[in-house]
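Listing of start_15.cif, mmCIF, C-alpha atoms (C1' of nucleotides)
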```cif
data_structure
#
loop_
_atom_site.label_atom_id
_atom_site.label_comp_id
_atom_site.auth_asym_id
_atom_site.auth_seq_id
_atom_site.Cartn_x
_atom_site.Cartn_y
_atom_site.Cartn_z
CA MET U 1156 96.26 96.80 8.31
CA GLN U 1157 92.71 96.04 7.28
CA LYS U 1158 91.81 92.78 5.72
CA LEU U 1159 90.75 93.35 2.16
CA PRO U 1160 87.07 92.76 1.57
CA SER U 1161 86.99 89.50 -0.32
CA PRO U 1162 84.08 88.91 -2.66
CA TYR U 1163 81.70 86.64 -0.89
CA ARG U 1164 80.81 83.28 -2.35
CA PRO U 1165 78.02 81.45 -0.58
CA ARG U 1166 78.91 78.09 0.90
CA VAL U 1167 75.81 76.27 -0.19
CA LEU U 1168 74.59 76.81 -3.71
CA ALA U 1169 72.07 74.13 -4.47
CA PRO U 1170 68.62 73.78 -2.97
CA ILE U 1171 67.79 70.51 -1.31
CA SER U 1172 65.58 69.34 -4.10
CA ARG U 1173 63.20 66.49 -3.70
CA VAL U 1174 64.26 63.55 -5.86
CA ALA U 1175 61.32 61.73 -7.34
CA GLY U 1176 60.95 58.02 -6.72
CA LEU U 1177 63.18 58.02 -3.68
CA ASP U 1178 62.25 56.77 -0.26
CA TYR U 1179 62.96 59.40 2.40
CA ASP U 1180 62.10 57.12 5.30
CA VAL U 1181 62.15 58.86 8.69
CA LEU U 1182 63.43 62.11 7.28
CA ASP U 1183 59.90 63.16 6.45
CA GLU U 1184 58.95 62.90 10.11
CA LEU U 1185 61.88 64.85 11.52
CA LEU U 1186 61.57 68.53 12.32
CA GLY U 1187 65.32 68.86 11.99
CA TYR U 1188 65.34 67.82 8.36
CA ALA U 1189 62.39 70.00 7.45
CA LEU U 1190 64.05 72.93 9.18
CA ARG U 1191 67.25 72.35 7.28
CA ARG U 1192 65.46 72.23 3.94
CA ALA U 1193 63.49 75.37 4.62
CA GLN U 1194 66.56 77.17 5.83
CA VAL U 1195 68.62 76.32 2.77
CA GLY U 1196 65.81 77.66 0.62
CA MET U 1197 65.68 80.85 2.62
CA PHE U 1198 69.44 81.17 2.49
CA LEU U 1199 69.46 80.98 -1.28
CA ALA U 1200 66.68 83.55 -1.48
CA PHE U 1201 68.68 85.81 0.78
CA HIS U 1202 71.69 85.42 -1.43
CA VAL U 1203 69.77 86.30 -4.57
CA ALA U 1204 68.12 89.27 -2.90
CA THR U 1205 71.41 90.76 -1.75
CA ARG U 1206 73.49 89.95 -4.79
CA GLY U 1207 76.25 92.47 -5.24
CA LEU U 1208 76.14 93.72 -1.68
CA ASP U 1209 78.75 91.21 -0.52
CA ILE U 1210 76.63 90.39 2.48
CA THR U 1211 75.95 87.20 4.40
CA PRO U 1212 73.28 86.38 6.97
CA PRO U 1213 75.68 86.83 9.91
CA ARG U 1214 76.93 90.11 8.48
CA PHE U 1215 73.40 91.32 7.98
CA THR U 1216 72.43 90.33 11.49
CA ALA U 1217 75.45 92.10 12.90
CA LEU U 1218 74.61 95.30 11.05
CA VAL U 1219 71.01 95.23 12.22
CA ILE U 1220 71.99 94.63 15.82
CA VAL U 1221 74.64 97.34 15.81
CA GLY U 1222 72.24 99.72 14.12
CA ALA U 1223 69.56 99.14 16.73
CA ASN U 1224 71.98 99.04 19.64
CA PRO U 1225 74.74 101.57 19.07
CA GLY U 1226 77.76 101.10 21.27
CA ILE U 1227 77.25 97.40 21.75
CA GLY U 1228 80.35 95.43 22.71
CA GLN U 1229 81.81 92.70 20.58
CA SER U 1230 81.22 90.05 23.18
CA SER U 1231 77.51 90.80 23.31
CA LEU U 1232 77.47 90.80 19.56
CA GLY U 1233 78.94 87.33 19.53
CA LYS U 1234 76.32 86.16 21.98
CA VAL U 1235 73.49 87.41 19.82
CA LEU U 1236 74.94 85.66 16.82
CA GLY U 1237 75.78 82.50 18.68
CA ILE U 1238 79.45 82.64 17.79
CA ALA U 1239 82.71 83.08 19.70
CA ARG U 1240 84.23 86.45 20.41
CA SER U 1241 86.88 85.96 17.77
CA GLY U 1242 84.16 85.54 15.20
CA ALA U 1243 82.41 88.70 16.33
CA MET U 1244 85.69 90.49 15.93
CA MET U 1245 86.09 89.33 12.36
CA LEU U 1246 82.60 90.54 11.63
CA THR U 1247 83.41 93.90 13.18
CA ASP U 1248 86.63 94.00 11.19
CA TRP U 1249 84.61 93.44 8.06
CA MET U 1250 82.15 96.21 8.88
CA ALA U 1251 84.95 98.59 9.79
CA GLY U 1252 86.98 97.65 6.72
CA ARG U 1253 84.10 98.61 4.46
CA GLY U 1254 83.50 101.83 6.32
CA LEU U 1255 80.13 100.70 7.62
CA ALA U 1256 80.98 100.80 11.31
CA GLU U 1257 83.63 102.03 13.66
CA ARG U 1258 84.89 101.25 17.13
CA ARG U 1259 84.75 103.96 19.75
CA ARG U 1260 86.28 103.88 23.19
CA ARG U 1261 83.78 103.52 25.93
CA PRO U 1262 84.03 106.28 28.51
CA ASN U 1263 83.45 104.11 31.56
CA ASP U 1264 85.27 100.97 30.55
CA GLY U 1265 88.79 100.95 29.22
CA ARG U 1266 88.53 97.33 28.19
CA ALA U 1267 85.54 97.47 25.92
CA TRP U 1268 85.03 99.24 22.66
CA GLY U 1269 81.60 100.20 21.47
CA VAL U 1270 80.64 99.51 17.89
CA HIS U 1271 78.73 102.20 16.04
CA LEU U 1272 77.43 102.48 12.50
CA THR U 1273 78.82 105.20 10.28
CA ALA U 1274 76.56 107.33 8.11
CA ARG U 1275 77.46 105.09 5.22
CA GLY U 1276 76.61 102.07 7.34
CA GLU U 1277 73.19 103.46 8.22
CA GLU U 1278 72.45 104.08 4.60
CA MET U 1279 73.63 100.67 3.48
CA LEU U 1280 71.71 98.98 6.25
CA ALA U 1281 68.49 100.71 5.26
CA ARG U 1282 68.91 99.49 1.71
CA MET U 1283 69.64 95.95 2.85
CA LYS U 1284 66.69 95.89 5.20
CA ARG U 1285 64.34 96.79 2.37
CA ARG U 1286 65.73 94.14 0.08
CA VAL U 1287 65.83 91.40 2.66
CA ALA U 1288 62.38 92.11 4.01
CA ALA U 1289 60.95 92.18 0.50
CA GLU U 1290 62.58 88.89 -0.37
CA ASP U 1291 61.46 87.32 2.89
CA ARG U 1292 57.88 88.28 2.16
CA LYS U 1293 58.14 87.16 -1.45
CA ARG U 1294 59.55 83.84 -0.41
CA ALA U 1295 56.77 83.41 2.12
CA ALA U 1296 54.14 84.23 -0.46
CA VAL U 1297 53.22 80.56 -0.74
CA LEU U 1298 51.84 80.89 2.75
CA GLU U 1299 48.76 82.78 3.71
CA ALA U 1300 49.26 85.71 6.06
CA ARG U 1301 47.81 83.71 8.90
CA GLU U 1302 50.08 80.76 8.16
CA ARG U 1303 53.14 82.97 8.07
CA ARG U 1304 52.36 84.38 11.48
CA GLU U 1305 51.72 80.91 12.84
CA LEU U 1306 55.01 79.63 11.45
CA LEU U 1307 56.87 82.50 13.05
CA ARG U 1308 55.20 81.81 16.35
CA LEU U 1309 55.95 78.10 16.28
CA LEU U 1310 59.58 78.64 15.32
CA ASN U 1311 60.10 81.04 18.17
CA LYS U 1312 58.41 78.68 20.55
CA LEU U 1313 60.68 75.89 19.40
CA ALA U 1314 63.84 77.95 19.69
CA ARG U 1315 62.87 78.98 23.19
CA MET W 977 94.27 54.67 1.44
CA GLN W 978 91.29 55.47 3.59
CA LYS W 979 91.05 58.69 5.44
CA LEU W 980 91.19 58.00 9.13
CA PRO W 981 87.90 58.64 10.87
CA SER W 982 88.54 61.87 12.64
CA PRO W 983 86.59 62.62 15.79
CA TYR W 984 83.86 64.98 14.84
CA ARG W 985 83.66 68.37 16.46
CA PRO W 986 80.52 70.34 15.71
CA ARG W 987 81.02 73.64 13.99
CA VAL W 988 78.55 75.62 15.99
CA LEU W 989 78.54 75.12 19.73
CA ALA W 990 76.52 77.89 21.26
CA PRO W 991 72.78 78.38 20.99
CA ILE W 992 71.58 81.68 19.66
CA SER W 993 70.44 82.93 22.99
CA ARG W 994 68.23 85.91 23.36
CA VAL W 995 70.07 88.77 25.05
CA ALA W 996 67.84 90.71 27.38
CA GLY W 997 67.48 94.43 26.89
CA LEU W 998 68.57 94.35 23.29
CA ASP W 999 66.62 95.67 20.35
CA TYR W 1000 66.31 93.03 17.62
CA ASP W 1001 64.66 95.36 15.15
CA VAL W 1002 63.51 93.66 11.94
CA LEU W 1003 65.03 90.33 12.89
CA ASP W 1004 61.93 89.45 14.82
CA GLU W 1005 59.86 89.78 11.67
CA LEU W 1006 62.06 87.70 9.40
CA LEU W 1007 61.33 84.06 8.77
CA GLY W 1008 64.97 83.54 7.87
CA TYR W 1009 66.21 84.57 11.30
CA ALA W 1010 63.62 82.50 13.13
CA LEU W 1011 64.50 79.52 10.97
CA ARG W 1012 68.15 79.93 11.73
CA ARG W 1013 67.57 80.11 15.46
CA ALA W 1014 65.34 77.08 15.49
CA GLN W 1015 67.76 75.14 13.35
CA VAL W 1016 70.75 75.86 15.56
CA GLY W 1017 68.75 74.64 18.53
CA MET W 1018 67.82 71.48 16.69
CA PHE W 1019 71.39 70.98 15.59
CA LEU W 1020 72.68 71.14 19.15
CA ALA W 1021 70.00 68.72 20.27
CA PHE W 1022 71.05 66.38 17.49
CA HIS W 1023 74.63 66.61 18.60
CA VAL W 1024 73.79 65.81 22.19
CA ALA W 1025 71.57 62.92 21.20
CA THR W 1026 74.22 61.30 19.04
CA ARG W 1027 77.22 61.97 21.22
CA GLY W 1028 79.83 59.31 20.77
CA LEU W 1029 78.53 58.08 17.44
CA ASP W 1030 80.72 60.48 15.48
CA ILE W 1031 77.78 61.43 13.34
CA THR W 1032 76.64 64.66 11.73
CA PRO W 1033 73.33 65.63 10.16
CA PRO W 1034 74.62 65.09 6.60
CA ARG W 1035 76.11 61.75 7.57
CA PHE W 1036 72.88 60.69 9.20
CA THR W 1037 70.86 61.76 6.19
CA ALA W 1038 73.18 59.86 3.89
CA LEU W 1039 72.84 56.69 5.94
CA VAL W 1040 69.06 56.94 6.01
CA ILE W 1041 68.84 57.51 2.28
CA VAL W 1042 71.21 54.67 1.45
CA GLY W 1043 69.38 52.40 3.86
CA ALA W 1044 66.03 53.13 2.27
CA ASN W 1045 67.37 53.15 -1.29
CA PRO W 1046 70.05 50.47 -1.62
CA GLY W 1047 72.21 50.80 -4.69
CA ILE W 1048 71.72 54.54 -5.03
CA GLY W 1049 74.43 56.37 -6.96
CA GLN W 1050 76.62 59.00 -5.42
CA SER W 1051 75.35 61.71 -7.72
CA SER W 1052 71.77 61.16 -6.64
CA LEU W 1053 72.94 61.10 -3.07
CA GLY W 1054 74.49 64.50 -3.55
CA LYS W 1055 71.29 65.83 -5.00
CA VAL W 1056 69.26 64.68 -2.02
CA LEU W 1057 71.70 66.33 0.33
CA GLY W 1058 72.01 69.49 -1.72
CA ILE W 1059 75.77 69.14 -2.08
CA ALA W 1060 78.17 68.60 -4.95
CA ARG W 1061 79.23 65.16 -6.12
CA SER W 1062 82.63 65.50 -4.53
CA GLY W 1063 80.97 66.02 -1.18
CA ALA W 1064 78.78 62.98 -1.65
CA MET W 1065 81.90 61.01 -2.35
CA MET W 1066 83.55 62.07 0.87
CA LEU W 1067 80.43 61.07 2.74
CA THR W 1068 80.52 57.70 1.05
CA ASP W 1069 84.19 57.41 1.87
CA TRP W 1070 83.36 58.06 5.47
CA MET W 1071 80.63 55.40 5.54
CA ALA W 1072 82.87 52.90 3.77
CA GLY W 1073 85.83 53.72 6.01
CA ARG W 1074 83.80 52.88 9.08
CA GLY W 1075 82.47 49.71 7.54
CA LEU W 1076 78.93 51.00 7.42
CA ALA W 1077 78.50 50.89 3.66
CA GLU W 1078 80.20 49.54 0.59
CA ARG W 1079 80.30 50.29 -3.10
CA ARG W 1080 79.19 47.62 -5.50
CA ARG W 1081 79.55 47.64 -9.24
CA ARG W 1082 76.33 48.09 -11.03
CA PRO W 1083 75.68 45.29 -13.48
CA ASN W 1084 74.21 47.42 -16.23
CA ASP W 1085 76.31 50.51 -15.91
CA GLY W 1086 80.07 50.41 -15.75
CA ARG W 1087 80.27 54.03 -14.73
CA ALA W 1088 78.19 54.12 -11.63
CA TRP W 1089 78.69 52.36 -8.36
CA GLY W 1090 75.81 51.53 -6.13
CA VAL W 1091 76.10 52.24 -2.43
CA HIS W 1092 74.78 49.63 -0.04
CA LEU W 1093 74.70 49.38 3.72
CA THR W 1094 76.60 46.59 5.38
CA ALA W 1095 75.09 44.54 8.19
CA ARG W 1096 76.99 46.72 10.61
CA GLY W 1097 75.63 49.80 8.86
CA GLU W 1098 72.06 48.58 9.15
CA GLU W 1099 72.49 47.96 12.82
CA MET W 1100 74.14 51.30 13.46
CA LEU W 1101 71.49 53.11 11.45
CA ALA W 1102 68.71 51.52 13.45
CA ARG W 1103 70.32 52.70 16.67
CA MET W 1104 70.80 56.20 15.30
CA LYS W 1105 67.24 56.43 14.06
CA ARG W 1106 65.91 55.61 17.50
CA ARG W 1107 68.10 58.17 19.19
CA VAL W 1108 67.48 60.93 16.68
CA ALA W 1109 63.75 60.38 16.55
CA ALA W 1110 63.55 60.36 20.34
CA GLU W 1111 65.53 63.58 20.60
CA ASP W 1112 63.47 65.22 17.87
CA ARG W 1113 60.29 64.43 19.74
CA LYS W 1114 61.78 65.50 23.04
CA ARG W 1115 62.91 68.77 21.56
CA ALA W 1116 59.47 69.34 20.09
CA ALA W 1117 57.79 68.61 23.39
CA VAL W 1118 57.19 72.32 23.94
CA LEU W 1119 54.73 72.07 21.09
CA GLU W 1120 51.43 70.32 21.21
CA ALA W 1121 50.99 67.40 18.84
CA ARG W 1122 48.80 69.50 16.61
CA GLU W 1123 51.30 72.32 16.56
CA ARG W 1124 54.13 69.98 15.65
CA ARG W 1125 52.21 68.63 12.69
CA GLU W 1126 51.31 72.13 11.61
CA LEU W 1127 54.92 73.25 11.82
CA LEU W 1128 56.04 70.31 9.72
CA ARG W 1129 53.39 71.11 7.15
CA LEU W 1130 54.30 74.78 6.95
CA LEU W 1131 58.01 74.07 6.67
CA ASN W 1132 57.47 71.65 3.81
CA LYS W 1133 55.19 74.11 2.11
CA LEU W 1134 57.83 76.78 2.42
CA ALA W 1135 60.64 74.59 1.13
CA ARG W 1136 58.53 73.54 -1.80
"C1'" DG F 1008 82.78 54.69 -34.84
"C1'" DG F 1009 82.59 59.08 -32.84
"C1'" DC F 1010 80.70 62.75 -30.04
"C1'" DG F 1011 78.32 64.37 -26.06
"C1'" DA F 1012 76.61 63.36 -21.50
"C1'" DC F 1013 77.25 61.23 -17.19
"C1'" DT F 1014 79.84 58.96 -13.20
"C1'" DG F 1015 83.28 58.66 -9.92
"C1'" DT F 1016 87.51 60.52 -8.56
"C1'" DT F 1017 91.29 63.66 -7.08
"C1'" DA F 1018 93.40 67.98 -6.05
"C1'" DT F 1019 92.92 72.61 -4.80
"C1'" DA F 1020 91.07 76.57 -2.67
"C1'" DG F 1021 88.10 79.27 0.14
"C1'" DA F 1022 84.80 80.51 3.86
"C1'" DC F 1023 83.62 80.05 8.43
"C1'" DC F 1024 84.30 79.12 13.10
"C1'" DA F 1025 86.48 77.33 17.44
"C1'" DT F 1026 90.43 77.08 20.39
"C1'" DT F 1027 94.19 78.87 22.65
"C1'" DA F 1028 97.05 82.24 24.43
"C1'" DC F 1029 98.06 87.03 25.70
"C1'" DA F 1030 97.85 91.90 27.35
"C1'" DA F 1031 95.17 95.48 29.26
"C1'" DT F 1032 91.59 96.80 32.20
"C1'" DT F 1033 88.03 96.44 35.62
"C1'" DC F 1034 85.71 94.36 39.54
"C1'" DG F 1035 85.01 92.00 43.95
"C1'" DC F 1036 86.37 91.41 48.30
"C1'" DC F 1037 89.21 91.28 52.19
"C1'" DG O 15 94.23 100.31 49.15
"C1'" DG O 16 95.61 96.08 47.00
"C1'" DC O 17 95.49 91.67 44.90
"C1'" DG O 18 93.50 87.80 42.43
"C1'" DA O 19 89.60 86.68 39.38
"C1'" DA O 20 86.94 87.89 35.64
"C1'" DT O 21 86.14 90.41 31.32
"C1'" DT O 22 87.42 92.53 26.88
"C1'" DG O 23 89.59 92.79 22.57
"C1'" DT O 24 93.09 90.75 19.82
"C1'" DA O 25 96.12 87.54 17.08
"C1'" DA O 26 97.63 83.07 15.51
"C1'" DT O 27 96.43 78.51 14.36
"C1'" DG O 28 93.84 74.63 12.96
"C1'" DG O 29 89.87 71.97 11.40
"C1'" DT O 30 85.61 71.13 8.94
"C1'" DC O 31 82.79 71.61 5.20
"C1'" DT O 32 81.93 72.60 0.51
"C1'" DA O 33 82.62 74.22 -4.20
"C1'" DT O 34 85.35 74.27 -8.44
"C1'" DA O 35 88.00 72.40 -11.93
"C1'" DA O 36 90.09 68.85 -14.32
"C1'" DC O 37 90.53 63.95 -15.66
"C1'" DA O 38 89.51 59.08 -17.08
"C1'" DG O 39 86.28 55.59 -17.91
"C1'" DT O 40 81.74 54.38 -19.64
"C1'" DC O 41 77.27 54.76 -21.89
"C1'" DG O 42 73.86 56.32 -25.40
"C1'" DC O 43 72.74 57.54 -29.73
"C1'" DC O 44 72.96 58.99 -34.38
#
```

Show me, as structure tokens, the structure contained in the file I just sent.
Amino acid sequence: MQKLPSPYRPRVLAPISRVAGLDYDVLDELLGYALRRAQVGMFLAFHVATRGLDITPPRFTALVIVGANPGIGQSSLGKVLGIARSGAMMLTDWMAGRGLAERRRRPNDGRAWGVHLTARGEEMLARMKRRVAAEDRKRAAVLEARERRELLRLLNKLAR
Amino acid sequence: MQKLPSPYRPRVLAPISRVAGLDYDVLDELLGYALRRAQVGMFLAFHVATRGLDITPPRFTALVIVGANPGIGQSSLGKVLGIARSGAMMLTDWMAGRGLAERRRRPNDGRAWGVHLTARGEEMLARMKRRVAAEDRKRAAVLEARERRELLRLLNKLAR
DNA sequence: GGCGACTGTTATAGACCATTACAATTCGCC
DNA sequence: GGCGAATTGTAATGGTCTATAACAGTCGCC
């Protein structure tokens, strides 16, 4: 029995707004805090951009990864997302329940299933990609092109 | 009745590690994904640095803000953290339950309480600040000083 | 004096994720 | 060949975080 697709409600709704006249002390010097603020902003932008698609960042990431790596196992998927196998399974359940992906037996390995996108999944993914990429660029419009590239580089360097 | 201080277990335990031989498609072009990866890394570093203190990023932020702005109301606190009032209250409950902060009636306003650090809270906060700042710098050691400043600037610009 | 706005509070519900345990399968190694 | 260790997917359970809604007390203002 498939789990019914429940309408998604984002966990965090409010931006971390700067309150005037308040002393932020060390927070202004910490990369961690700045990262958190920027990420919440991006998360909200993502949510607005994908309104009605019932998608979340992890779901989107899973779709992209499956789309670009057909037949990937659920354990690898979890590793990419940084979550446990059980979480990857719930994501796969969600994709399968909406008809976006399906599990196929792997010929060589009776343990593992491979996850593949369906035609509907491919189509949906393409639409999402366009929306998300557009929103990402729009959100980054406060930066110059050179700054955006530099930010991307520094973030990747930091994440190692 | 106070809620017993429960030992904190971080929600996300694994870094988002890069899996070799996998196609990441558009993810590599998205600021949102890079932000997420960097933030998870920072979060884990934070957790390691504060092991044993039973602290979380929101708790730390709350302590810093209260320390720098004695008498702040819980609604403002929520706004700084980007969470609802009820959440700010639970944070305050946590601080009060551990003897780190206390609520004091505000003279002019019978509705609002002001949150203040106790002596123990001040001391604990000072210790935390040292640890967190040290870890933040250590984590950012892969960047040059100039790069770190630039990253901070770009993140703040992005978060607006 | 009365109405609306704000504060703190409580209860409730939901989303997300880890942990644990289990069965089936494959692999390594003797 | 065969057996124990490791891997995979799965299911059940629990915990943490946060929002939402409702409520009472207080303030501001006309």

* To do: With a distance cut-off of 6 Å and all atoms listed in the file, select the neighbouring residues of segment 1086-1095 of chain W, excluding the residue or stretch itself and same-chain residues fewer than 2 positions from it, and output the selection as an MDAnalysis selection string.
  => (chainID W and resid 1046:1049 1076:1082 1097:1098) or (chainID F and resid 1014) or (chainID O and resid 40)

* Asked: What does the PyMOL selection byres ((chain U) within 8 of (chain W)) select in this file, as a ChimeraX atom specification?
  -> /U:1167-1174,1177-1182,1184-1187,1189-1194,1196-1198,1216,1219-1220,1223-1224,1231,1234-1238,1284,1288,1291,1294-1295,1297-1298,1302,1306-1307,1309-1314

* **Check: which chain O residues lie within 9 Å of chain W using only C-alpha atoms (C1' of nucleotides), as a PyMOL selection string** => chain O and resi 29-33+39-41

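For the atom pair formed by atom CA of Gly1075 of chain W and atom C1' of DC37 of chain O, the distance is 28.4 Å, given to one decimal.
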
* What separation in Å, quoted to one decimal, exists between atom CA of Leu1067 of chain W and atom CA of His1202 of chain U? -> 26.2 Å

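The spacing separating atom CA of Leu1208 of chain U from atom CA of Ser1230 of chain U amounts to 25.6 Å.
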
* **Expected answer as a ChimeraX atom specification: all residues with atoms within 12 Å of (98.1, 95.0, 24.8), only C-alpha atoms (C1' of nucleotides)** => /U:1265-1266 /F:1029-1032 /O:22-25

Taking the partial coordinates given, rebuild segment 1297-1311 of chain U to contain N, CA and C atoms; return it as a PDB file, keeping the file's coordinate frame.
```pdb
ATOM      1  N   VAL U1297      53.979  81.812  -0.611  1.00  0.00           N
ATOM      2  CA  VAL U1297      53.220  80.560  -0.740  1.00  0.00           C
ATOM      3  C   VAL U1297      52.350  80.323   0.475  1.00  0.00           C
ATOM      4  N   LEU U1298      52.650  81.034   1.546  1.00  0.00           N
ATOM      5  CA  LEU U1298      51.840  80.890   2.750  1.00  0.00           C
ATOM      6  C   LEU U1298      50.816  82.006   2.818  1.00  0.00           C
ATOM      7  N   GLU U1299      49.709  81.710   3.442  1.00  0.00           N
ATOM      8  CA  GLU U1299      48.760  82.780   3.710  1.00  0.00           C
ATOM      9  C   GLU U1299      49.289  83.607   4.885  1.00  0.00           C
ATOM     10  N   ALA U1300      48.772  84.807   5.004  1.00  0.00           N
ATOM     11  CA  ALA U1300      49.260  85.710   6.060  1.00  0.00           C
ATOM     12  C   ALA U1300      49.134  85.048   7.425  1.00  0.00           C
ATOM     13  N   ARG U1301      48.023  84.356   7.617  1.00  0.00           N
ATOM     14  CA  ARG U1301      47.810  83.710   8.900  1.00  0.00           C
ATOM     15  C   ARG U1301      48.824  82.580   9.131  1.00  0.00           C
ATOM     16  N   GLU U1302      49.119  81.859   8.062  1.00  0.00           N
ATOM     17  CA  GLU U1302      50.080  80.760   8.160  1.00  0.00           C
ATOM     18  C   GLU U1302      51.483  81.289   8.475  1.00  0.00           C
ATOM     19  N   ARG U1303      51.818  82.394   7.840  1.00  0.00           N
ATOM     20  CA  ARG U1303      53.140  82.970   8.070  1.00  0.00           C
ATOM     21  C   ARG U1303      53.310  83.359   9.538  1.00  0.00           C
ATOM     22  N   ARG U1304      52.295  83.995  10.069  1.00  0.00           N
ATOM     23  CA  ARG U1304      52.360  84.380  11.480  1.00  0.00           C
ATOM     24  C   ARG U1304      52.475  83.163  12.383  1.00  0.00           C
ATOM     25  N   GLU U1305      51.702  82.137  12.038  1.00  0.00           N
ATOM     26  CA  GLU U1305      51.720  80.910  12.840  1.00  0.00           C
ATOM     27  C   GLU U1305      53.103  80.252  12.784  1.00  0.00           C
ATOM     28  N   LEU U1306      53.681  80.220  11.607  1.00  0.00           N
ATOM     29  CA  LEU U1306      55.010  79.630  11.450  1.00  0.00           C
ATOM     30  C   LEU U1306      56.034  80.369  12.308  1.00  0.00           C
ATOM     31  N   LEU U1307      55.960  81.685  12.252  1.00  0.00           N
ATOM     32  CA  LEU U1307      56.870  82.500  13.050  1.00  0.00           C
ATOM     33  C   LEU U1307      56.699  82.196  14.538  1.00  0.00           C
ATOM     34  N   ARG U1308      55.471  82.084  14.941  1.00  0.00           N
ATOM     35  CA  ARG U1308      55.200  81.810  16.350  1.00  0.00           C
ATOM     36  C   ARG U1308      55.752  80.447  16.759  1.00  0.00           C
ATOM     37  N   LEU U1309      55.495  79.447  15.939  1.00  0.00           N
ATOM     38  CA  LEU U1309      55.950  78.100  16.280  1.00  0.00           C
ATOM     39  C   LEU U1309      57.468  78.004  16.300  1.00  0.00           C
ATOM     40  N   LEU U1310      58.111  78.663  15.354  1.00  0.00           N
ATOM     41  CA  LEU U1310      59.580  78.640  15.320  1.00  0.00           C
ATOM     42  C   LEU U1310      60.159  79.267  16.576  1.00  0.00           C
ATOM     43  N   ASN U1311      59.598  80.387  16.971  1.00  0.00           N
ATOM     44  CA  ASN U1311      60.100  81.040  18.170  1.00  0.00           C
ATOM     45  C   ASN U1311      59.849  80.213  19.410  1.00  0.00           C
TER      46      ASN U1311
END
```
